[in-house]
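*Asks:* Structure incoming, see below.
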Amino acid sequence: MDQQAAERVDERRLPVHDLRMAAVAAVGWLGGIGAHRVGHGALWGAVALAVAAWLVARRGHVRLGRLVAAGAVVVGGVVGATLLRGEVVAQGVLPGLAQQRAVAEVTGRVVSDPVTVDGPWGQQVVVRLRVHELTARGASYTLGAVVVVLGDPHWSQAQIGSEVRTVGRLAPADDGQVAALVVGARPPVRIRGPDVWWRGAAAVRSSIRDAVADRPEAQRALVPALVVGDDADLPSSLEQDFRTTGLTHLTAVSGTNLTLVVGFLVLLARALGVRRWWLTLVGVVGIAGFVLLARTEPSVVRAAAMGTVGLFALGTDGRRRGLRALGVAVTGLLLVWPSLAVSAGFALSVLATAGIVVLAPPVQAALARWLPTPVSAAIAVPFAAQLACTPVIAALSGEVSVVAVLANLLVAPMVGPATVLGLAGGIAGLVCDPLGWLAGTAAGACVGWIVVVAEHGAQLPVPSVSWGSGPVALVLLTCLCLAVAVGAPAVLRRRAIGVATIVAALVLVLGVPGRFASLSAGWLPGWPPGNWPPRDWALVACDVGQGDALVVSVGPRSAIVVDAGPDPDLVDRCLDRLGVRAVPLVVLTHFHADHVDGLAGVLRGRQVGAVEASPMLDPTAGAEQVQRTARESGLVVASAPYGLTRRYGDVTLQVLWPDLPEPVVGPGDGSAANDASVVLLIETRGLRILLTGDVEPGGQGRLAAVLPDLDIDVLKVPHHGSTYQELDWLRSLDAEVAVVSVGEDNDYGHPDPRLLDALAAEGAEIARTDHDGDVAVVPGDAGPAVVASD
């Protein structure tokens, strides 16, 4: 029998999947979703399955009846656990006291690492605490609920696993898994330090960071993220590149991390002569150690479970045992943490694992006909995982990445070494600093390649395509993915067709049609069609009517948004036209409706890092609306920090005004808002841009006194070009372009013709959104150029 014939036989003999446990897990998952959506009504699903099991068994199908009965038991368990937890959280002692805003003394164990966030009243530290004892309103209680503590910077020293006591005011929590908030918490009083295993995990995490401390910023941040999910220092621009190229899973704790770490430990133990149940013990200890390192949160335990499934899939009869193990893992996780049923991260993790178990083997077998086994596996695994996750990713982002498989293929050879070397650097560094540094340096070199792939992949002409997240779009995408999954092995087993498919995908991803279009521009009339947005734009003033919505490019498909205009749909459409999918920072210059009412449109379907606003909380209704809108998206509004200079991608941003040290409650009617507008100085690609909000002559005069020699290239004319200006200061700025964001035929007489004439007399080119539509400013060797969408 020749080689190809043998491969055909092996491919036909791929073991049949054991679907029984997967089916039980699937109905349990549906039961959990039903419990979150319809409450007690979901119990009828368990009853219906129990009746169906009895009927099936009576007809003589005993084995099928047992399977359906198992599904009924699991559905009942998941639904019951969901409802019970909901009742405990809603009706327990803590929620009742939180509704009364009671002051309480709380004693508990820290169960999360402290996270520092910027709030409207300065920096706060967020910590989760599992409460043991609580005293409030003269009564003491013994509890086991989780609360979220909002405290001052002293809480940043609270170590996970330590027992602490504090006093604070209880408040209701929006998160259904949290019993209450503890706001204004006093500094924690330490009762007992972490147990030895928590101290050991903290030492290893710290040692991993030390091992790469002298590496470049991206490598220094990515190694801890890759090994244990510690992504606190990851630059926002790199995070966006990872999202665009489908590499985000590398920066979070995932089953891949556990598979690599524990798989390495098992292989090392086997090489040292460990056998039989001792080898199993090594695996169990490795899994426990990984969970401690990455923290015992539901997402980490979920990743550990999926990684364990991956280890099963790599073993003997892995295809059959892998799917069975996946069903067991999903069922167990849903019974312990029923909230995972409606978690997007859980869905992505399960689908990726299922794709690897189900789809990767036939794809790899097909590719192995004409490719070496390591290469075929390197292509099949990311292809299967990405294809399985694509519909959910589209539902969350409205996009389909077309570079994800290629990017994952290119980084795959470095992920394993980087993870293992990073962990080795942390462990070795506890014993010998030079050894830790050596392993850390090698890990940094490996992740350096991953950074290069992410950065260059995100800059490709077609890194992702907009798809939509409506029901019709998602059903169509799911059908397409299923068709690809079924047809891929048949297509890829033939060398000629397989090579042609891969080459066609590379041509599409690398943007050869787009490159041809740009080369053709200038000698093919009317090609490419349209000119919006212009290439290399730096600033765009969106046409949102009488209001401000300004967009500053910080990278491919990523931008800072300054003000949101009066209408969510208008600013949303403008950002869509620009292809902006990530917004690391939103700045709201003040709280008037024509600058903030469109905030929901900016947040719609985009990754938003932070929201900052004027510290003058006036008008009150506008400030409260902004806080409410941001909170619905899981964001906290912070005050724009006066004088602070920050960098996003290739953009440097500095807050020049107002110089208020902390938030101030204004008169409430909006009369103090304009002159407390946030004024930003932005430098990008050789341009200096001044964004002025609606700052009035008083604030303009104080800026002139503080910055007498300010010289800029682009001016956003204050207050839509009203007549009320400090004209001498505006002239002194010597702007080459003056952008006026203003509504057509508005009732305010904006912009003032005399103001525009004065700026034009100083050599400024005037661009107006009421005449020109969206207005873009593009850097050039001869200075800034203006491109209008109309």
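Within each chain, counting starts at residue 1; across the structure tokens, chains are named A, B, ... in the order shown, with ligands numbered 1 upward in that order.
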Name the residues in contact with segment 472-479 of chain A at a cut-off of 10 Å, using only C-alpha atoms, excluding same-chain residues fewer than 5 positions from it; report them as a ChimeraX atom specification.
*Replies:* /A:387-392,394-395,398,400,467,484-485
*Asks:* Restricted to N, CA and C atoms, what would the selected residues look like written as a PDB file, in the first residue's frame?
*Replies:*
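File produced: part34.pdb:
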ATOM      1  N   LEU A 387     -12.415  29.684  13.167  1.00  0.00           N
ATOM      2  CA  LEU A 387     -13.658  29.455  12.436  1.00  0.00           C
ATOM      3  C   LEU A 387     -14.814  29.201  13.410  1.00  0.00           C
ATOM      4  N   ALA A 388     -14.567  28.426  14.475  1.00  0.00           N
ATOM      5  CA  ALA A 388     -15.624  28.127  15.438  1.00  0.00           C
ATOM      6  C   ALA A 388     -16.074  29.370  16.193  1.00  0.00           C
ATOM      7  N   CYS A 389     -15.152  30.306  16.422  1.00  0.00           N
ATOM      8  CA  CYS A 389     -15.476  31.505  17.210  1.00  0.00           C
ATOM      9  C   CYS A 389     -16.016  32.652  16.367  1.00  0.00           C
ATOM     10  N   THR A 390     -15.894  32.572  15.054  1.00  0.00           N
ATOM     11  CA  THR A 390     -16.211  33.714  14.198  1.00  0.00           C
ATOM     12  C   THR A 390     -17.613  34.276  14.396  1.00  0.00           C
ATOM     13  N   PRO A 391     -18.684  33.456  14.444  1.00  0.00           N
ATOM     14  CA  PRO A 391     -20.022  34.052  14.630  1.00  0.00           C
ATOM     15  C   PRO A 391     -20.166  34.833  15.930  1.00  0.00           C
ATOM     16  N   VAL A 392     -19.586  34.326  17.031  1.00  0.00           N
ATOM     17  CA  VAL A 392     -19.692  35.038  18.311  1.00  0.00           C
ATOM     18  C   VAL A 392     -18.882  36.329  18.275  1.00  0.00           C
ATOM     19  N   ALA A 394     -18.271  38.129  15.669  1.00  0.00           N
ATOM     20  CA  ALA A 394     -19.051  39.071  14.855  1.00  0.00           C
ATOM     21  C   ALA A 394     -20.216  39.645  15.654  1.00  0.00           C
ATOM     22  N   ALA A 395     -20.859  38.812  16.480  1.00  0.00           N
ATOM     23  CA  ALA A 395     -21.969  39.308  17.301  1.00  0.00           C
ATOM     24  C   ALA A 395     -21.503  40.360  18.294  1.00  0.00           C
ATOM     25  N   GLY A 398     -19.262  43.151  15.454  1.00  0.00           N
ATOM     26  CA  GLY A 398     -19.772  43.548  14.151  1.00  0.00           C
ATOM     27  C   GLY A 398     -18.739  43.398  13.045  1.00  0.00           C
ATOM     28  N   VAL A 400     -15.539  40.786  11.081  1.00  0.00           N
ATOM     29  CA  VAL A 400     -14.926  39.475  10.858  1.00  0.00           C
ATOM     30  C   VAL A 400     -13.479  39.726  10.474  1.00  0.00           C
ATOM     31  N   TRP A 467     -19.280  43.359   9.266  1.00  0.00           N
ATOM     32  CA  TRP A 467     -20.251  42.331   8.908  1.00  0.00           C
ATOM     33  C   TRP A 467     -21.648  42.657   9.439  1.00  0.00           C
ATOM     34  N   VAL A 484     -17.917  26.030   5.409  1.00  0.00           N
ATOM     35  CA  VAL A 484     -16.450  25.972   5.328  1.00  0.00           C
ATOM     36  C   VAL A 484     -15.929  24.788   6.136  1.00  0.00           C
ATOM     37  N   ALA A 485     -16.501  24.581   7.336  1.00  0.00           N
ATOM     38  CA  ALA A 485     -16.047  23.473   8.180  1.00  0.00           C
ATOM     39  C   ALA A 485     -16.253  22.124   7.495  1.00  0.00           C
TER      40      ALA A 485
END
*Asks:* List the spatial neighbours of segment 94-110 of chain A as a ChimeraX atom specification - criterion: any atom at most 8 Å away, only C-alpha atoms, same-chain residues fewer than 5 positions off excluded.
*Replies:* /A:89,127-137,158-172,179-181
*Asks:* Can you tell me, as a ChimeraX atom specification, what residues are no more than 7 Å from segment 635-647 of chain A when counting only C-alpha atoms, ignoring any on the same chain fewer than 3 positions away?
*Replies:* /A:118-120,610-615,627,630-631,651-659,663
*Asks:* Could you name the residues that touch segment 773-781 of chain A at 9 Å or less, counting only C-alpha atoms, but leaving out those on the same chain fewer than 5 positions away, as a count of residues only?
*Replies:* 27
*Asks:* Between A:Trp337, A:Trp155, A:Phe383, A:Trp532, single out the one closest to Ser112 of chain A, counting only C-alpha atoms.
*Replies:*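 Ranked by minimum distance to Ser112 of chain A, first place goes to A:Trp155.
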*Asks:* With distances taken over only C-alpha atoms, which residue among A:Arg66, A:Glu762, A:Asp713, A:Thr244 lies nearest Ile393 of chain A?
*Replies:*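 When distances to Ile393 of chain A are compared using only C-alpha atoms, the smallest one comes from A:Thr244.
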*Asks:* Using Å and a single decimal, report how far atom CA of Leu599 of chain A sits from atom CA of Asp567 of chain A.
*Replies:*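 If I compute the distance from atom CA of Asp567 of chain A to atom CA of Leu599 of chain A, I get 8.2 Å.
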